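Student: What follows is model_19.tsv, made up of TSV, C-alpha atoms (C1' of nucleotides):
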chain	number	residue	atom	x	y	z
G	1	MET	CA	44.80	80.61	-60.00
G	2	PRO	CA	45.61	83.57	-57.84
G	3	PRO	CA	47.00	86.65	-59.44
G	4	LYS	CA	50.71	86.85	-59.22
G	5	ARG	CA	51.26	90.44	-58.71
G	6	ALA	CA	52.34	89.93	-55.19
G	7	ALA	CA	55.83	91.24	-55.54
G	8	ALA	CA	54.70	94.40	-57.19
G	9	SER	CA	51.43	94.48	-55.44
G	10	LYS	CA	51.51	97.87	-53.96
G	11	ARG	CA	48.45	98.45	-51.98
G	12	LYS	CA	46.83	101.11	-53.99
G	13	LEU	CA	43.74	102.42	-52.47
G	14	GLU	CA	42.51	105.81	-53.12
G	15	GLU	CA	40.01	107.39	-50.91
G	16	ASP	CA	37.53	109.71	-52.28
G	17	SER	CA	34.94	111.89	-50.95
G	18	GLU	CA	31.74	110.04	-50.67
G	19	SER	CA	28.32	111.25	-51.17
G	20	GLU	CA	25.46	109.74	-49.47
G	21	VAL	CA	21.93	110.58	-48.98
G	22	ASP	CA	19.90	110.11	-45.91
G	23	ALA	CA	16.42	110.03	-47.18
G	24	ALA	CA	13.86	109.82	-44.49
G	25	THR	CA	11.12	107.62	-45.60
G	26	SER	CA	8.87	105.85	-43.24
G	27	LYS	CA	7.27	103.95	-46.07
G	28	PHE	CA	10.45	103.00	-47.84
G	29	ALA	CA	10.03	99.43	-46.74
G	30	SER	CA	7.39	97.10	-47.94
G	31	ASP	CA	5.97	93.71	-47.14
G	32	ALA	CA	6.52	92.34	-50.56
G	33	SER	CA	7.94	88.95	-51.03
G	34	ASP	CA	11.68	88.78	-51.34
G	35	SER	CA	12.73	88.73	-54.89
G	36	ASP	CA	16.40	88.03	-54.60
G	37	ALA	CA	17.10	86.62	-57.98
G	38	PRO	CA	20.46	85.08	-58.37
G	39	SER	CA	22.49	86.18	-61.29
G	40	THR	CA	24.60	83.74	-63.12
G	41	SER	CA	27.88	84.10	-64.81
G	42	LYS	CA	29.11	82.20	-67.76
G	43	PRO	CA	32.60	81.49	-68.87
G	44	LYS	CA	33.77	83.77	-71.55
G	45	ALA	CA	35.71	82.90	-74.60
G	46	LYS	CA	39.34	83.61	-74.13
G	47	LYS	CA	40.71	86.83	-75.33
G	48	ALA	CA	42.77	87.08	-78.41
G	49	LYS	CA	46.36	87.40	-77.52
G	50	THR	CA	48.59	89.88	-79.18
G	51	THR	CA	52.22	90.52	-78.79
G	52	LYS	CA	53.26	93.84	-77.51
G	53	ALA	CA	56.63	95.28	-76.84
G	54	PRO	CA	57.15	96.04	-73.19
G	55	LYS	CA	57.03	99.67	-72.36
G	56	ALA	CA	60.21	101.29	-71.35
G	57	ALA	CA	60.28	102.21	-67.73
G	58	LYS	CA	60.37	105.87	-67.08
G	59	PRO	CA	61.68	107.46	-63.93
G	60	LYS	CA	58.90	108.79	-61.83
G	61	PRO	CA	58.82	112.31	-60.57
G	62	ALA	CA	59.31	112.33	-56.85
G	63	LYS	CA	57.24	115.38	-56.42
G	64	ALA	CA	55.41	115.64	-53.16
G	65	ALA	CA	52.61	117.94	-53.97
G	66	LYS	CA	50.36	119.45	-51.41
G	67	PRO	CA	46.90	118.03	-51.15
G	68	ILE	CA	44.23	120.28	-52.48
G	69	ASN	CA	40.71	120.74	-51.18
G	70	ASP	CA	41.60	118.97	-47.95
G	71	GLN	CA	40.86	115.72	-49.59
G	72	PRO	CA	42.44	112.68	-48.04
G	73	THR	CA	45.47	111.31	-49.81
G	74	ASN	CA	46.11	108.18	-47.84
G	75	LYS	CA	46.04	105.05	-49.90
G	76	THR	CA	44.96	102.56	-47.34
G	77	LEU	CA	41.75	102.35	-45.40
G	78	PRO	CA	42.04	103.33	-41.80
G	79	ASP	CA	40.83	100.76	-39.31
G	80	GLU	CA	38.56	103.29	-37.77
G	81	ILE	CA	36.31	105.40	-39.91
G	82	GLN	CA	33.77	107.80	-38.57
G	83	PHE	CA	30.61	108.99	-40.18
G	84	PRO	CA	27.99	111.30	-38.78
G	85	ALA	CA	25.23	109.51	-36.96
G	86	LYS	CA	22.19	108.72	-39.00
G	87	ASN	CA	19.24	110.99	-38.59
G	88	GLU	CA	16.27	109.58	-36.81
G	89	GLY	CA	13.81	108.06	-39.19
G	90	CYS	CA	16.08	108.48	-42.18
G	91	VAL	CA	17.23	105.91	-44.64
G	92	ARG	CA	20.86	106.21	-45.54
G	93	ILE	CA	21.80	105.38	-49.08
G	94	ALA	CA	25.44	105.16	-50.06
G	95	THR	CA	27.33	104.22	-53.18
G	96	TRP	CA	30.85	103.03	-53.78
G	97	ASN	CA	32.72	101.93	-56.85
G	98	ILE	CA	34.75	99.15	-55.30
G	99	CYS	CA	36.65	98.04	-58.39
G	100	GLY	CA	36.58	94.40	-57.41
G	101	LEU	CA	34.84	93.12	-54.32
G	102	ALA	CA	37.58	90.63	-53.59
G	103	ALA	CA	40.23	93.32	-53.67
G	104	ALA	CA	38.09	95.67	-51.62
G	105	GLN	CA	37.59	93.10	-48.94
G	106	LYS	CA	41.31	92.64	-48.60
G	107	LYS	CA	41.71	96.33	-48.12
G	108	GLY	CA	39.19	97.05	-45.46
G	109	PHE	CA	35.79	97.08	-47.07
G	110	LYS	CA	34.46	95.76	-43.79
G	111	HIS	CA	35.64	98.81	-41.88
G	112	TYR	CA	33.88	101.10	-44.24
G	113	MET	CA	30.70	99.09	-44.25
G	114	GLU	CA	30.51	99.00	-40.48
G	115	ALA	CA	31.27	102.65	-40.09
G	116	GLU	CA	28.88	103.85	-42.72
G	117	ASP	CA	26.15	101.40	-41.85
G	118	ALA	CA	24.12	102.45	-44.85
G	119	ASP	CA	20.63	101.09	-45.05
G	120	VAL	CA	21.03	100.68	-48.75
G	121	LEU	CA	24.43	100.30	-50.34
G	122	ILE	CA	25.02	100.49	-54.07
G	123	LEU	CA	28.21	98.81	-55.23
G	124	THR	CA	29.61	99.13	-58.72
G	125	GLU	CA	32.42	97.35	-60.52
G	126	THR	CA	32.01	94.44	-58.18
G	127	LYS	CA	33.68	92.13	-60.69
G	128	VAL	CA	32.10	89.14	-59.03
G	129	ASN	CA	31.22	86.05	-61.02
G	130	ASN	CA	28.70	84.63	-58.57
G	131	ASP	CA	26.51	85.96	-55.80
G	132	PRO	CA	28.86	86.36	-52.83
G	133	VAL	CA	27.86	84.52	-49.66
G	134	ASP	CA	30.14	86.33	-47.26
G	135	PRO	CA	28.45	86.47	-43.82
G	136	MET	CA	29.81	89.98	-43.44
G	137	LEU	CA	27.44	91.03	-46.20
G	138	THR	CA	24.58	88.65	-45.58
G	139	ASN	CA	24.29	89.41	-41.89
G	140	ARG	CA	24.06	93.11	-42.41
G	141	TYR	CA	22.03	93.09	-45.59
G	142	PRO	CA	19.29	90.48	-45.78
G	143	HIS	CA	18.34	91.61	-49.27
G	144	ARG	CA	21.10	91.55	-51.85
G	145	TYR	CA	20.82	91.93	-55.58
G	146	TRP	CA	23.82	91.24	-57.75
G	147	SER	CA	23.84	92.03	-61.42
G	148	ILE	CA	26.66	90.07	-62.96
G	149	SER	CA	28.20	90.46	-66.37
G	150	ASP	CA	28.64	87.57	-68.76
G	151	LYS	CA	32.18	88.75	-69.16
G	152	LYS	CA	34.19	87.33	-66.29
G	153	THR	CA	35.38	89.72	-63.62
G	154	TYR	CA	34.05	92.65	-65.51
G	155	SER	CA	31.73	95.41	-64.37
G	156	GLY	CA	29.01	94.21	-62.00
G	157	THR	CA	26.52	96.21	-60.00
G	158	ALA	CA	24.86	95.35	-56.73
G	159	ILE	CA	22.42	96.83	-54.29
G	160	LEU	CA	22.51	95.62	-50.72
G	161	SER	CA	19.53	96.55	-48.65
G	162	LYS	CA	18.19	96.21	-45.17
G	163	ILE	CA	14.76	96.96	-46.54
G	164	LYS	CA	12.86	94.49	-48.61
G	165	PRO	CA	11.89	95.83	-52.03
G	166	LEU	CA	8.72	95.02	-53.88
G	167	SER	CA	10.60	93.91	-56.95
G	168	VAL	CA	13.98	93.88	-58.63
G	169	ASP	CA	14.99	94.32	-62.23
G	170	TYR	CA	18.40	93.84	-63.84
G	171	THR	CA	17.53	94.98	-67.33
G	172	LEU	CA	17.47	98.19	-69.31
G	173	PRO	CA	14.23	97.91	-71.24
G	174	GLY	CA	14.45	98.70	-74.91
G	175	HIS	CA	18.19	98.29	-75.20
G	176	PRO	CA	18.97	96.32	-78.37
G	177	ASP	CA	21.82	94.41	-76.78
G	178	PRO	CA	20.68	93.16	-73.37
G	179	LYS	CA	23.88	91.14	-72.95
G	180	SER	CA	25.98	94.27	-72.90
G	181	ILE	CA	23.79	95.65	-70.13
G	182	LYS	CA	24.22	92.72	-67.81
G	183	GLY	CA	26.09	93.78	-64.74
G	184	ARG	CA	25.40	97.46	-65.19
G	185	ILE	CA	22.03	98.13	-63.67
G	186	VAL	CA	19.87	97.11	-60.76
G	187	THR	CA	16.50	98.66	-60.12
G	188	LEU	CA	14.67	98.11	-56.88
G	189	GLU	CA	11.07	99.06	-56.53
G	190	PHE	CA	9.99	100.10	-53.07
G	191	GLU	CA	6.54	101.09	-52.00
G	192	SER	CA	7.24	104.76	-52.36
G	193	LEU	CA	10.03	105.01	-54.90
G	194	TYR	CA	12.40	103.36	-57.31
G	195	LEU	CA	16.07	103.06	-56.58
G	196	ILE	CA	18.41	102.56	-59.53
G	197	GLY	CA	22.04	101.63	-59.18
G	198	THR	CA	24.14	101.82	-62.32
G	199	TYR	CA	27.62	101.27	-63.56
G	200	VAL	CA	27.31	103.35	-66.68
G	201	VAL	CA	29.23	102.41	-69.80
G	202	ASN	CA	32.67	103.96	-69.99
G	203	ALA	CA	33.31	105.80	-73.25
G	204	GLY	CA	36.66	104.04	-73.44
G	205	THR	CA	40.19	104.90	-74.35
G	206	GLY	CA	40.13	107.03	-77.45
G	207	LEU	CA	36.34	107.21	-77.04
G	208	LYS	CA	36.14	103.91	-78.85
G	209	THR	CA	33.02	102.85	-76.96
G	210	LEU	CA	31.31	106.23	-77.04
G	211	ASP	CA	28.70	104.87	-79.43
G	212	ALA	CA	27.83	102.15	-76.97
G	213	LYS	CA	27.56	104.72	-74.26
G	214	ASN	CA	25.30	106.90	-76.37
G	215	GLU	CA	23.09	103.88	-76.89
G	216	TRP	CA	22.99	103.32	-73.15
G	217	ASN	CA	22.16	106.96	-72.46
G	218	LYS	CA	19.37	106.94	-74.98
G	219	HIS	CA	17.61	103.97	-73.47
G	220	PHE	CA	18.40	104.85	-69.90
G	221	THR	CA	16.83	108.27	-70.35
G	222	THR	CA	13.64	106.71	-71.62
G	223	TYR	CA	13.70	104.17	-68.82
G	224	ILE	CA	14.17	106.64	-66.00
G	225	ARG	CA	11.45	108.88	-67.41
G	226	ASP	CA	9.06	105.96	-67.54
G	227	LEU	CA	9.77	105.03	-63.94
G	228	ASP	CA	9.47	108.61	-62.81
G	229	ARG	CA	5.93	108.79	-64.16
G	230	LYS	CA	5.01	106.10	-61.66
G	231	LYS	CA	7.04	106.95	-58.57
G	232	PRO	CA	9.94	109.15	-57.52
G	233	VAL	CA	13.33	107.81	-58.52
G	234	ILE	CA	16.68	107.82	-56.78
G	235	TRP	CA	19.63	107.09	-59.00
G	236	GLY	CA	23.10	106.39	-57.73
G	237	GLY	CA	26.29	104.62	-58.65
G	238	ASP	CA	29.10	105.07	-61.08
G	239	LEU	CA	27.66	107.41	-63.66
G	240	ASN	CA	30.88	107.85	-65.60
G	241	VAL	CA	30.30	111.44	-66.54
G	242	ALA	CA	31.56	114.74	-65.22
G	243	PRO	CA	28.43	116.82	-65.79
G	244	THR	CA	29.97	120.28	-65.87
G	245	GLU	CA	33.31	121.99	-66.01
G	246	ILE	CA	33.52	122.32	-62.26
G	247	ASP	CA	33.26	118.58	-61.92
G	248	LEU	CA	36.78	117.99	-63.07
G	249	ALA	CA	40.09	119.68	-62.48
G	250	ASN	CA	41.07	120.29	-66.09
G	251	PRO	CA	37.96	120.74	-68.17
G	252	LYS	CA	39.59	122.44	-71.15
G	253	THR	CA	42.23	119.85	-71.85
G	254	ASN	CA	39.82	116.98	-71.44
G	255	TRP	CA	36.84	118.31	-73.37
G	256	ASN	CA	35.80	115.91	-76.09
G	257	LYS	CA	38.94	113.89	-75.63
G	258	THR	CA	38.64	112.05	-72.39
G	259	PRO	CA	35.89	109.57	-71.61
G	260	GLY	CA	33.45	111.11	-69.18
G	261	TYR	CA	33.67	114.65	-70.45
G	262	THR	CA	32.49	114.83	-74.01
G	263	GLU	CA	29.69	116.79	-75.54
G	264	ALA	CA	27.63	113.67	-76.11
G	265	GLU	CA	27.99	112.49	-72.54
G	266	THR	CA	27.42	115.78	-70.79
G	267	ARG	CA	24.48	116.65	-73.00
G	268	ALA	CA	22.83	113.29	-72.40
G	269	PHE	CA	23.30	113.74	-68.71
G	270	ALA	CA	21.97	117.27	-68.74
G	271	GLU	CA	18.88	116.08	-70.55
G	272	ILE	CA	18.22	113.51	-67.88
G	273	LEU	CA	18.45	116.22	-65.26
G	274	THR	CA	16.53	118.81	-67.17
G	275	PRO	CA	14.25	117.23	-69.73
G	276	PRO	CA	13.39	119.30	-72.81
G	277	GLU	CA	10.15	121.19	-72.20
G	278	LYS	CA	8.34	119.40	-74.98
G	279	GLU	CA	8.68	116.13	-73.10
G	280	GLY	CA	6.76	117.49	-70.17
G	281	ALA	CA	8.87	115.48	-67.75
G	282	LYS	CA	9.79	116.82	-64.36
G	283	PRO	CA	13.27	118.12	-63.68
G	284	MET	CA	15.60	116.13	-61.54
G	285	ILE	CA	18.08	117.13	-58.92
G	286	ASP	CA	21.77	116.44	-58.63
G	287	THR	CA	21.73	116.48	-54.86
G	288	TRP	CA	25.42	116.98	-54.34
G	289	ARG	CA	25.57	119.92	-56.69
G	290	LYS	CA	22.36	121.32	-55.31
G	291	MET	CA	23.83	121.48	-51.85
G	292	HIS	CA	27.36	122.37	-52.90
G	293	PRO	CA	26.88	124.61	-55.92
G	294	GLU	CA	30.50	125.62	-56.26
G	295	THR	CA	32.50	123.04	-54.40
G	296	ARG	CA	35.16	121.30	-56.41
G	297	HIS	CA	35.23	117.92	-54.84
G	298	TYR	CA	36.16	114.85	-56.75
G	299	THR	CA	35.46	111.18	-56.53
G	300	TYR	CA	38.06	109.84	-58.88
G	301	PHE	CA	41.76	110.47	-59.22
G	302	SER	CA	43.99	108.96	-61.82
G	303	TYR	CA	46.86	106.83	-60.69
G	304	ARG	CA	49.01	108.64	-63.14
G	305	PHE	CA	50.95	111.74	-62.39
G	306	ASN	CA	50.18	111.73	-58.67
G	307	CYS	CA	46.79	113.21	-59.40
G	308	ARG	CA	45.51	112.33	-56.00
G	309	GLU	CA	48.15	114.35	-54.23
G	310	LYS	CA	47.70	117.22	-56.60
G	311	GLY	CA	43.97	117.21	-56.18
G	312	LEU	CA	43.45	116.68	-59.89
G	313	GLY	CA	40.36	114.62	-60.08
G	314	TRP	CA	36.91	114.16	-61.45
G	315	ARG	CA	33.48	114.03	-59.91
G	316	LEU	CA	32.21	111.29	-62.06
G	317	ASP	CA	32.09	107.83	-60.79
G	318	THR	CA	30.52	107.75	-57.48
G	319	CYS	CA	29.27	110.44	-55.23
G	320	LYS	CA	26.36	111.18	-57.36
G	321	PHE	CA	22.90	110.89	-56.20
G	322	PHE	CA	19.99	112.24	-57.98
G	323	ILE	CA	16.76	112.52	-56.25
G	324	PHE	CA	14.05	113.00	-58.71
G	325	VAL	CA	10.90	114.78	-57.99
G	326	ILE	CA	11.01	114.46	-54.31
G	327	TRP	CA	8.95	117.43	-53.47
G	328	HIS	CA	5.66	116.06	-54.60
G	329	SER	CA	6.16	113.06	-52.47
G	330	LEU	CA	5.02	113.10	-48.92
G	331	ILE	CA	7.01	110.05	-48.25
G	332	LEU	CA	10.40	111.65	-48.29
G	333	ILE	CA	10.44	113.81	-45.26
G	334	SER	CA	13.92	115.08	-45.37
G	335	LEU	CA	16.99	114.87	-47.43
G	336	PHE	CA	20.48	115.28	-46.22
G	337	LEU	CA	23.50	115.15	-48.32
G	338	LEU	CA	26.43	114.22	-46.23
G	339	VAL	CA	29.69	114.61	-47.87
G	340	VAL	CA	32.00	113.47	-45.31
G	341	GLY	CA	33.51	110.58	-45.89
G	342	ILE	CA	35.85	108.37	-46.99
G	343	LEU	CA	35.08	107.01	-50.21
G	344	LEU	CA	37.07	104.14	-51.14
G	345	TRP	CA	37.58	104.09	-54.62
G	346	TRP	CA	40.72	102.98	-56.06
G	347	ASN	CA	39.61	102.66	-59.55
G	348	MET	CA	41.57	103.96	-62.39
G	349	ARG	CA	40.74	104.77	-65.88
V	1	DT	C1'	44.32	111.48	-68.65
V	2	DC	C1'	48.54	115.32	-66.66
V	3	DG	C1'	52.05	118.01	-68.17
V	4	DC	C1'	55.62	118.54	-71.13
V	5	DA	C1'	57.76	118.81	-75.72
V	6	DT	C1'	57.04	119.66	-80.29
V	7	DG	C1'	55.20	121.60	-84.41
V	8	DG	C1'	52.23	124.48	-87.18
V	9	DG	C1'	49.44	128.54	-88.09
V	10	DA	C1'	48.12	133.36	-87.24
V	11	DC	C1'	49.58	137.78	-86.30
W	1	DT	C1'	50.72	72.14	-59.88
W	2	DG	C1'	51.97	76.55	-59.27
W	3	DC	C1'	54.90	80.47	-60.54
W	4	DC	C1'	55.30	83.90	-63.93
W	5	DT	C1'	53.87	86.68	-67.83
W	6	DT	C1'	50.61	88.76	-70.72
W	7	DG	C1'	46.48	91.12	-71.99
W	8	DC	C1'	42.54	93.85	-71.01
W	9	DG	C1'	39.71	97.45	-68.95
W	10	DC	C1'	39.68	101.44	-66.63
Q	1	DG	C1'	59.35	136.36	-82.56
Q	2	DT	C1'	55.45	135.38	-79.88
Q	3	DC	C1'	51.28	133.36	-78.81
Q	4	DC	C1'	47.94	129.85	-79.12
Q	5	DC	C1'	46.40	125.47	-80.10
Q	6	DA	C1'	46.66	120.50	-81.32
Q	7	DT	C1'	49.01	116.33	-80.86
Q	8	DC	C1'	51.90	112.94	-78.68
Q	9	DC	C1'	53.12	110.08	-74.89
Q	10	DT	C1'	52.75	108.42	-70.24
Q	11	DA	C1'	50.85	104.54	-64.88
Q	12	DG	C1'	49.14	101.55	-62.00
Q	13	DC	C1'	45.90	98.40	-60.49
Q	14	DG	C1'	42.81	93.94	-60.47
Q	15	DC	C1'	42.04	90.00	-62.51
Q	16	DA	C1'	41.88	85.80	-65.77
Q	17	DA	C1'	44.18	82.99	-68.64
Q	18	DG	C1'	48.16	81.16	-70.99
Q	19	DG	C1'	53.10	79.55	-70.92
Q	20	DC	C1'	56.18	76.71	-68.97
Q	21	DA	C1'	59.21	74.22	-65.70
Re-express the file's structure as structure tokens.

Tutor:
Amino acid sequence: MPPKRAAASKRKLEEDSESEVDAATSKFASDASDSDAPSTSKPKAKKAKTTKAPKAAKPKPAKAAKPINDQPTNKTLPDEIQFPAKNEGCVRIATWNICGLAAAQKKGFKHYMEAEDADVLILTETKVNNDPVDPMLTNRYPHRYWSISDKKTYSGTAILSKIKPLSVDYTLPGHPDPKSIKGRIVTLEFESLYLIGTYVVNAGTGLKTLDAKNEWNKHFTTYIRDLDRKKPVIWGGDLNVAPTEIDLANPKTNWNKTPGYTEAETRAFAEILTPPEKEGAKPMIDTWRKMHPETRHYTYFSYRFNCREKGLGWRLDTCKFFIFVIWHSLILISLFLLVVGILLWWNMR
DNA sequence: TCGCATGGGAC
DNA sequence: TGCCTTGCGC
DNA sequence: GTCCCATCCTAGCGCAAGGCA
């Protein structure tokens, strides 16, 4: 049954700045056999229904604030999007939290995909229940890996690639509840590196799922360290954390209250980036922050309070790429962080 | 998850 | 069967 | 009285599933 929001279905698409990495790597590709493993989805038990009094409508402020940081405020995807040309010999990796593939496709996902022409595209919150067979995707990306949640139309992570990986993994080793991880992680192993795409657990309204997130962080940290001992790692996707106070517009009022900016989350993230000395692990690089040490640029804006227009956002969901230990690798010849873009992210939390 | 109103404590 | 409402997550 | 801080309350979207004519 189609959703019946039509009458009130305002087209709500927020564009965000997008981060992307062109990582030149002549040996990125491999001759390994294709390991596209289909994910399956299972019907979920229906949710318990509770009665709730309808909220009283409140008049909205008609304030037309001035955009801040020159960030785009349009809510629909333009038909024509331009990105800088790819560098010769580079592999372009991009990430986008699409908040529903079906919805994204209605709103111009195709335009973005054609314009960006990423070699590897990480998608999060796909909300798909089966591996999509859309020719638009299959023609451009011969290798597609969909991690699908057991919970219908919930979470979902995918990596679409023009390059064939050696192997693919949809698990987070060591996590005590593998079911809760389904749909949140895809790891591709290439000849020269690992690429991880994640849709990290959201700490939830009232931080009610912070414990689950802490559990995720604990095991993910171990996992990424283990991989890094073997090959360099690139990690992208929706990381659901604003690492530092310059990664969100109002750090003071949100500290330890709002999911994405709590002590537990920021500390866990910092420890992934800069492992404690005793662990002997190599430090990792937040590429966006490395190249834009002071820029306040956000990837997420709340629907509430006209945050988009006011420039009140967070750098938390997409736009984060972390290239780990690239310097010891001869494979990665150059690294360019291109923050141009139109990131299409109309998620809300 | 912003910005305002409200209330309480410190000074 | 299909429109409409409700609930949930973010 | 003034300042500071904590707390409260709030929007809009995508989607599935249930209610009901």

Student: Using all atoms listed in the file, I'd like every residue of chain V that has an atom within 9 Å of chain G; please write them out as a list in words.

Tutor: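 Taken together, these residues fit the definition: DT1, DC2 and DG3 of chain V.
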
Student: Deliver the residues from the most recent selection as a file, using C-alpha atoms (C1' of nucleotides), as an mmCIF file, in the frame of the given file.

Tutor:
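Okay, this is what ended up in result.cif:
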data_model
loop_
_atom_site.group_PDB
_atom_site.id
_atom_site.type_symbol
_atom_site.label_atom_id
_atom_site.label_comp_id
_atom_site.auth_asym_id
_atom_site.auth_seq_id
_atom_site.Cartn_x
_atom_site.Cartn_y
_atom_site.Cartn_z
ATOM 1 C "C1'" DT V 1 44.320 111.480 -68.650
ATOM 2 C "C1'" DC V 2 48.540 115.320 -66.660
ATOM 3 C "C1'" DG V 3 52.050 118.010 -68.170
#

Student: Calculate how many Å separate atom CA of Leu210 of chain G from atom CA of Gly174 of chain G, rounding to one decimal.

Tutor: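 Atom CA of Gly174 of chain G lies 18.6 Å from atom CA of Leu210 of chain G.
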
Student: Return as JSON the box centre and box size in Å, one decimal, for an axis-aligned box around all listed atoms of chain V padded by 5 Å per side.

Tutor:
{"center_x": 51.0, "center_y": 124.6, "center_z": -77.4, "size_x": 23.4, "size_y": 36.3, "size_z": 31.4}

Student: Please identify every residue of chain Q that has at least one atom no more than 8 Å from any atom of chain G, counting only C-alpha atoms (C1' of nucleotides), and report them as a PDB file with C-alpha atoms (C1' of nucleotides), in the coordinates of the input.

Tutor:
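That gives us part19.pdb:
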ATOM      1  C1'  DA Q  11      50.850 104.540 -64.880  1.00  0.00           C
ATOM      2  C1'  DG Q  12      49.140 101.550 -62.000  1.00  0.00           C
ATOM      3  C1'  DC Q  13      45.900  98.400 -60.490  1.00  0.00           C
ATOM      4  C1'  DG Q  14      42.810  93.940 -60.470  1.00  0.00           C
ATOM      5  C1'  DC Q  15      42.040  90.000 -62.510  1.00  0.00           C
ATOM      6  C1'  DA Q  16      41.880  85.800 -65.770  1.00  0.00           C
ATOM      7  C1'  DA Q  17      44.180  82.990 -68.640  1.00  0.00           C
TER       8       DA Q  17
END

Student: Residues within 12 Å of Pro243 of chain G, please, as a PyMOL selection string. Count only C-alpha atoms (C1' of nucleotides); anything in the same chain fewer than 6 positions from it doesn't count.

Tutor: chain G and resi 251+255+259-273+286+288-289+314-317+320

Student: Taking all atoms listed in the file into account, which of G:Val233, G:Leu101, G:Met284, G:Val201 comes nearest DG9 of chain W?

Tutor: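 That would be G:Val201, the residue with the smallest distance to DG9 of chain W.
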
Student: Please report the interatomic distance between atom CA of Tyr223 of chain G and atom CA of Ser147 of chain G in Å with one decimal.

Tutor: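 We find that atom CA of Tyr223 of chain G and atom CA of Ser147 of chain G lie 17.5 Å from each other.
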
Student: Give me, please, the distance in Å between atom CA of Lys164 of chain G and atom CA of Gly237 of chain G, quoted to one decimal.

Tutor: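 Interatomic distance, atom CA of Lys164 of chain G to atom CA of Gly237 of chain G: 19.6 Å.
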
Student: Measuring atom to atom with only C-alpha atoms (C1' of nucleotides), identify which of G:Tyr300, G:Phe109, G:Tyr145, G:Phe220 is nearest to chain W.

Tutor: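 Between G:Tyr300, G:Phe109, G:Tyr145, G:Phe220, the residue approaching chain W most closely is G:Tyr300.
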
Student: If we count all atoms listed in the file and set the cut-off at 12 Å, which residues sit around Asn139 of chain G, ignoring sequence neighbours fewer than 3 positions away in its own chain? Please answer as a PDB file with C-alpha atoms, keeping the file's coordinate frame.

Tutor:
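Everything below was put into result.pdb:
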ATOM      1  CA  MET G 113      30.700  99.090 -44.250  1.00  0.00           C
ATOM      2  CA  GLU G 114      30.510  99.000 -40.480  1.00  0.00           C
ATOM      3  CA  VAL G 133      27.860  84.520 -49.660  1.00  0.00           C
ATOM      4  CA  ASP G 134      30.140  86.330 -47.260  1.00  0.00           C
ATOM      5  CA  PRO G 135      28.450  86.470 -43.820  1.00  0.00           C
ATOM      6  CA  MET G 136      29.810  89.980 -43.440  1.00  0.00           C
ATOM      7  CA  PRO G 142      19.290  90.480 -45.780  1.00  0.00           C
ATOM      8  CA  HIS G 143      18.340  91.610 -49.270  1.00  0.00           C
ATOM      9  CA  ARG G 144      21.100  91.550 -51.850  1.00  0.00           C
ATOM     10  CA  LEU G 160      22.510  95.620 -50.720  1.00  0.00           C
ATOM     11  CA  SER G 161      19.530  96.550 -48.650  1.00  0.00           C
ATOM     12  CA  LYS G 162      18.190  96.210 -45.170  1.00  0.00           C
TER      13      LYS G 162
END

Student: As a ChimeraX atom specification, please: the residues near DA5 of chain V (cut-off 12 Å, only C-alpha atoms (C1' of nucleotides), same-chain neighbours under 3 positions excluded).

Tutor: /Q:7-9

Student: Determine, counting all atoms listed in the file, which protein, DNA and RNA residues have an atom within 9 Å of an atom of Glu116 of chain G; residues of the same chain fewer than 6 positions away are not included. Present the result as a list in words.

Tutor: Ile81, Gln82, Phe83, Pro84, Ala85, Arg92, Ala94 and Gly341 of chain G
